[in-house]
file target37.tsv (TSV, C-alpha atoms)
chain	number	residue	atom	x	y	z
S	636	MET	CA	24.21	-26.59	14.27
S	637	SER	CA	23.91	-23.35	16.24
S	638	ASP	CA	24.55	-23.33	20.00
S	639	HIS	CA	22.07	-20.49	20.44
S	640	LYS	CA	19.26	-21.33	22.86
S	641	PRO	CA	15.97	-19.41	23.02
S	642	PRO	CA	15.50	-17.35	26.17
S	643	ALA	CA	13.60	-19.01	28.96
S	644	PRO	CA	10.06	-17.72	29.48
S	645	ALA	CA	9.82	-14.84	31.92
S	646	SER	CA	7.50	-15.59	34.82
S	647	VAL	CA	5.04	-12.71	35.19
S	648	PRO	CA	2.16	-12.93	37.70
S	649	LEU	CA	-1.38	-12.57	36.45
S	650	GLY	CA	-2.42	-10.65	39.53
S	651	GLY	CA	-0.83	-8.54	42.23
S	652	SER	CA	2.25	-6.38	41.94
S	653	ILE	CA	5.07	-6.94	39.47
S	654	SER	CA	8.61	-6.55	40.77
S	655	ARG	CA	11.38	-4.63	39.05
S	656	ALA	CA	13.21	-7.93	38.50
S	657	GLN	CA	10.18	-9.35	36.69
S	658	ASP	CA	9.90	-6.19	34.58
S	659	HIS	CA	13.60	-6.52	33.72
S	660	ALA	CA	13.15	-10.19	32.78
S	661	LEU	CA	10.23	-9.35	30.49
S	662	LEU	CA	12.09	-6.54	28.71
S	663	HIS	CA	15.21	-8.70	28.41
S	664	ARG	CA	13.19	-11.49	26.78
S	665	LEU	CA	11.43	-9.07	24.42
S	666	ILE	CA	14.70	-7.51	23.29
S	667	ARG	CA	16.30	-10.92	22.67
S	668	THR	CA	13.20	-12.04	20.75
S	669	LEU	CA	12.85	-8.90	18.63
S	670	ASP	CA	16.57	-8.44	17.92
S	671	THR	CA	18.45	-11.72	18.26
S	672	ALA	CA	21.72	-10.00	17.34
S	673	HIS	CA	21.50	-7.25	19.96
S	674	PRO	CA	24.88	-7.09	21.71
S	675	ALA	CA	23.64	-6.16	25.20
S	676	PRO	CA	19.96	-6.95	25.86
S	677	ASP	CA	20.50	-6.99	29.62
S	678	ARG	CA	21.98	-3.48	29.63
S	679	LEU	CA	19.26	-2.13	27.33
S	680	ALA	CA	16.54	-3.63	29.55
S	681	ALA	CA	18.11	-1.90	32.56
S	682	SER	CA	18.36	1.40	30.66
S	683	LEU	CA	14.69	1.23	29.63
S	684	LEU	CA	13.65	0.62	33.24
S	685	ALA	CA	15.84	3.48	34.46
S	686	ARG	CA	14.31	5.86	31.91
S	687	PHE	CA	10.64	4.84	32.03
S	688	GLY	CA	10.22	3.22	35.46
S	689	SER	CA	8.49	-0.01	34.43
S	690	ALA	CA	8.12	-2.43	31.54
S	691	GLY	CA	4.58	-1.21	30.95
S	692	MET	CA	5.65	2.41	30.66
S	693	ALA	CA	8.55	1.46	28.39
S	694	LEU	CA	6.21	-0.45	26.08
S	695	SER	CA	3.84	2.52	25.92
S	696	ALA	CA	6.61	5.06	25.31
S	697	HIS	CA	6.84	7.14	22.15
S	698	VAL	CA	9.28	5.77	19.56
S	699	GLY	CA	11.35	8.94	19.86
S	700	GLY	CA	11.84	8.31	23.56
S	701	LEU	CA	12.85	4.71	22.90
S	702	ASP	CA	15.31	5.90	20.25
S	703	GLU	CA	16.98	8.12	22.84
S	704	VAL	CA	17.68	5.05	24.97
S	705	ALA	CA	18.34	2.37	22.36
S	706	GLY	CA	19.81	4.49	19.55
S	707	ARG	CA	18.24	5.54	16.28
S	708	GLU	CA	19.75	2.66	14.33
S	709	ALA	CA	18.48	-0.02	16.72
S	710	LEU	CA	15.79	-2.45	15.60
S	711	VAL	CA	14.09	-2.59	19.00
S	712	PRO	CA	12.13	0.73	19.14
S	713	PRO	CA	10.04	0.26	15.94
S	714	LEU	CA	9.43	-3.40	16.78
S	715	LEU	CA	8.27	-2.48	20.29
S	716	ALA	CA	5.91	0.03	18.67
S	717	VAL	CA	4.39	-2.79	16.61
S	718	ALA	CA	4.01	-4.93	19.74
S	719	ARG	CA	2.36	-2.00	21.52
S	720	GLU	CA	-0.14	-1.48	18.70
S	721	ALA	CA	-1.01	-5.19	18.69
S	722	ALA	CA	-1.60	-5.07	22.46
S	723	LEU	CA	-3.83	-1.98	22.13
S	724	ARG	CA	-5.94	-3.67	19.49
S	725	LEU	CA	-6.36	-6.74	21.67
S	726	TYR	CA	-7.38	-4.51	24.57
S	727	ARG	CA	-9.92	-2.63	22.45
S	728	SER	CA	-11.51	-5.89	21.29
S	729	ARG	CA	-11.74	-6.98	24.93
S	730	VAL	CA	-13.29	-3.78	26.31
S	731	ARG	CA	-15.91	-3.75	23.58
S	732	ARG	CA	-17.41	-6.82	25.26
S	733	THR	CA	-17.24	-5.56	28.86
S	734	ASP	CA	-18.15	-2.63	31.08
S	735	VAL	CA	-15.40	-0.10	30.27
S	736	LEU	CA	-15.56	1.41	33.75
S	737	ALA	CA	-15.65	-1.88	35.68
S	738	GLY	CA	-11.89	-1.68	36.15
S	739	ARG	CA	-10.84	1.96	36.32
S	740	LYS	CA	-7.19	1.06	36.77
S	741	GLY	CA	-7.32	-0.92	33.54
S	742	LEU	CA	-8.94	2.01	31.71
S	743	GLU	CA	-6.31	4.43	32.97
S	744	ALA	CA	-3.55	1.98	32.00
S	745	TYR	CA	-5.05	1.73	28.52
S	746	LEU	CA	-5.11	5.53	28.16
S	747	GLN	CA	-1.52	5.71	29.39
S	748	ALA	CA	-0.55	3.17	26.73
S	749	CYS	CA	-2.44	5.10	24.04
S	750	MET	CA	-1.03	8.55	24.70
S	751	GLY	CA	0.78	8.83	28.04
S	752	HIS	CA	4.14	9.33	26.34
S	753	GLU	CA	3.05	11.28	23.26
S	754	VAL	CA	5.03	14.47	22.69
S	755	ILE	CA	1.99	16.47	21.58
S	756	GLU	CA	-1.45	16.76	23.15
S	757	GLN	CA	-4.14	14.39	21.96
S	758	PHE	CA	-7.84	14.48	22.77
S	759	ARG	CA	-9.73	11.18	22.71
S	760	VAL	CA	-13.36	10.34	23.35
S	761	LEU	CA	-14.66	6.93	24.41
S	762	PHE	CA	-18.26	6.66	23.22
S	763	LEU	CA	-20.31	4.29	25.40
S	764	ASP	CA	-23.80	2.85	25.36
S	765	GLY	CA	-26.11	2.95	28.38
S	766	ASP	CA	-24.38	-0.08	29.94
S	767	PHE	CA	-20.91	1.45	29.57
S	768	HIS	CA	-19.94	-0.80	26.68
S	769	LEU	CA	-17.49	0.75	24.25
S	770	LEU	CA	-18.95	1.76	20.90
S	771	ALA	CA	-15.92	3.66	19.61
S	772	ASP	CA	-12.61	5.08	20.80
S	773	ASP	CA	-11.89	8.07	18.60
S	774	LEU	CA	-8.96	10.44	18.44
S	775	MET	CA	-10.83	13.73	18.07
S	776	GLY	CA	-7.93	16.17	18.00
S	777	THR	CA	-4.16	16.58	18.05
S	778	GLY	CA	-2.28	19.78	18.66
S	779	THR	CA	0.89	21.18	20.16
S	780	VAL	CA	2.92	20.36	23.25
S	781	ASN	CA	0.34	22.08	25.47
S	782	HIS	CA	-2.89	22.38	23.48
S	783	SER	CA	-5.17	20.25	21.35
S	784	PRO	CA	-8.23	21.66	19.57
S	785	VAL	CA	-11.59	20.40	20.81
S	786	TYR	CA	-14.84	20.83	18.90
S	787	PRO	CA	-17.87	19.97	21.08
S	788	ARG	CA	-20.29	19.93	18.15
S	789	GLU	CA	-18.17	17.34	16.34
S	790	ILE	CA	-18.10	15.20	19.49
S	791	MET	CA	-21.89	15.36	19.83
S	792	ARG	CA	-22.43	14.71	16.12
S	793	ARG	CA	-20.34	11.56	16.45
S	794	ALA	CA	-22.18	10.54	19.63
S	795	LEU	CA	-25.56	10.84	17.92
S	796	HIS	CA	-24.31	8.91	14.90
S	797	LEU	CA	-23.17	6.05	17.15
S	798	GLY	CA	-26.19	6.18	19.43
S	799	ALA	CA	-23.88	6.80	22.38
S	800	GLN	CA	-25.46	7.71	25.72
S	801	LYS	CA	-22.28	8.33	27.74
S	802	LEU	CA	-18.83	9.74	27.06
S	803	VAL	CA	-15.44	9.45	28.70
S	804	LEU	CA	-13.19	12.30	27.59
S	805	ALA	CA	-9.43	11.85	27.78
S	806	HIS	CA	-6.33	13.80	26.91
S	807	ASN	CA	-2.64	13.80	27.74
S	808	HIS	CA	-0.29	16.38	29.18
S	809	PRO	CA	3.08	15.86	27.45
S	810	ALA	CA	4.84	17.84	30.20
S	811	GLY	CA	3.91	15.00	32.56
S	812	ARG	CA	1.70	16.83	35.10
S	813	PRO	CA	-1.87	15.52	34.73
S	814	GLU	CA	-3.56	18.11	36.97
S	815	PRO	CA	-6.37	19.85	35.04
S	816	SER	CA	-5.91	23.46	34.03
S	817	GLY	CA	-8.63	26.09	34.19
S	818	ALA	CA	-9.04	25.73	30.42
S	819	ASP	CA	-9.43	21.94	30.79
S	820	ILE	CA	-12.21	22.41	33.34
S	821	GLU	CA	-13.98	25.08	31.31
S	822	MET	CA	-13.87	22.99	28.14
S	823	THR	CA	-15.19	19.91	29.98
S	824	MET	CA	-18.10	21.83	31.47
S	825	ARG	CA	-18.96	23.20	28.03
S	826	ILE	CA	-19.06	19.73	26.48
S	827	ALA	CA	-21.13	18.44	29.42
S	828	GLN	CA	-23.61	21.32	29.06
S	829	ILE	CA	-24.10	20.68	25.35
S	830	GLY	CA	-24.40	16.97	26.06
S	831	ARG	CA	-27.22	17.50	28.56
S	832	LEU	CA	-29.21	19.32	25.90
S	833	MET	CA	-28.79	16.34	23.58
S	834	GLY	CA	-29.27	13.54	26.10
S	835	VAL	CA	-25.60	12.53	26.20
S	836	VAL	CA	-23.84	12.31	29.58
S	837	VAL	CA	-20.16	13.16	30.06
S	838	HIS	CA	-19.33	10.53	32.66
S	839	ASP	CA	-15.69	11.45	33.21
S	840	HIS	CA	-12.65	13.23	31.87
S	841	ILE	CA	-9.29	11.55	32.48
S	842	ILE	CA	-5.96	13.31	32.00
S	843	VAL	CA	-2.81	11.20	31.74
S	844	GLY	CA	0.86	12.04	31.76
S	845	ASN	CA	4.10	10.24	32.58
S	846	GLY	CA	2.50	7.36	34.45
S	847	ARG	CA	0.06	9.49	36.45
S	848	SER	CA	-3.60	10.29	35.87
S	849	HIS	CA	-6.39	12.52	37.16
S	850	SER	CA	-10.10	11.74	36.94
S	851	PHE	CA	-12.54	14.64	36.98
S	852	ARG	CA	-15.17	12.38	38.55
S	853	ALA	CA	-12.83	11.23	41.32
S	854	MET	CA	-11.91	14.88	41.98
S	855	GLY	CA	-15.59	15.86	42.26
S	856	LEU	CA	-15.46	18.08	39.15
S	857	ILE	CA	-18.10	15.90	37.44
S	858	ALA	CA	-21.03	14.58	39.47
call {"tool": "encode", "arguments": {"input": "target37.tsv", "output": "structure tokens"}}
result
Amino acid sequence: MSDHKPPAPASVPLGGSISRAQDHALLHRLIRTLDTAHPAPDRLAASLLARFGSAGMALSAHVGGLDEVAGREALVPPLLAVAREAALRLYRSRVRRTDVLAGRKGLEAYLQACMGHEVIEQFRVLFLDGDFHLLADDLMGTGTVNHSPVYPREIMRRALHLGAQKLVLAHNHPAGRPEPSGADIEMTMRIAQIGRLMGVVVHDHIIVGNGRSHSFRAMGLIA
């Protein structure tokens, strides 16, 4: 009979702030669960926190970034990627039944998880009905480290097909600075202008990068 005992459950609060110790406990438990033969789960958990800042950011990190910490031969990075995808799918199923914008922090956290640590730019569009319920979350373009192609007509064609009345645009800045560029602002205004002609409102544009985010609406760039 083996003397191995399963790790004790990590206590994580449902509300309020999460301490670094609690983040470490969660990562430690995940590593021990995903790779029972890992020789140093405690050290790896500490390394992930040192690199990414929190358990949430580590779980949303690109596999390449996880490989740099854990090693390319480790089992943990691809298994964490599977766990991340499962969590994203659960989140999408939840937001489809609720007001997407009711909890802005949750929306920004979701976008961080989707693309905050991607190494190339991605452009997503959340298509919403009149009550801000999610109809679709589509990746509309991928590009280089500092540019992703955006085609306003394709966005509007998709919006009309879905019967969407509102849009939330989103993209990432792989360099980690989420402040909008002049090109970001110009492109957003162009999409909004075309949308007005077609009865589709651009409600916001959110840029994410390295744990930070900027909302065009919060900045007063979109009324």
call {"tool": "closest_residue", "arguments": {"input": "target37.tsv", "among": "S:Gly855, S:Asp677, S:Leu804, S:Ile826", "to": "Glu743 in chain S", "atoms": "all atoms listed in the file"}}
result
S:Leu804
call {"tool": "residues_around", "arguments": {"input": "target37.tsv", "residues": "Val698 in chain S", "least_positions_apart": "6", "cutoff": "8 Å", "atoms": "only C-alpha atoms", "output": "count of residues only"}}
result
3
call {"tool": "residues_near_point", "arguments": {"input": "target37.tsv", "point": "(-27.8, 13.3, 30.7)", "cutoff": "12 Å", "atoms": "only C-alpha atoms", "output": "count of residues only"}}
result
19
call {"tool": "residues_near_point", "arguments": {"input": "target37.tsv", "point": "(-6.7, 14.4, 39.8)", "cutoff": "12 Å", "atoms": "all atoms listed in the file", "output": "list in words"}}
result
Arg812, Pro813, Glu814, Pro815, Ser816, Ile820, Asp839, His840, Ile841, Ile842, Val843, Gly844, Arg847, Ser848, His849, Ser850, Phe851, Arg852, Ala853, Met854, Gly855, Leu856 and Ile857 of chain S
call {"tool": "atom_distance", "arguments": {"input": "target37.tsv", "atom1": "CA of Glu789 in chain S", "atom2": "CA of Gly811 in chain S"}}
result
27.5 Å
call {"tool": "atom_distance", "arguments": {"input": "target37.tsv", "atom1": "CA of Gly741 in chain S", "atom2": "CA of Leu683 in chain S"}}
result
22.5 Å
call {"tool": "atom_distance", "arguments": {"input": "target37.tsv", "atom1": "CA of Gln747 in chain S", "atom2": "CA of Glu703 in chain S"}}
result
19.8 Å
call {"tool": "closest_residue", "arguments": {"input": "target37.tsv", "among": "S:Leu669, S:Ala681, S:Val760, S:Met750", "to": "Val717 in chain S", "atoms": "all atoms listed in the file"}}
result
S:Leu669
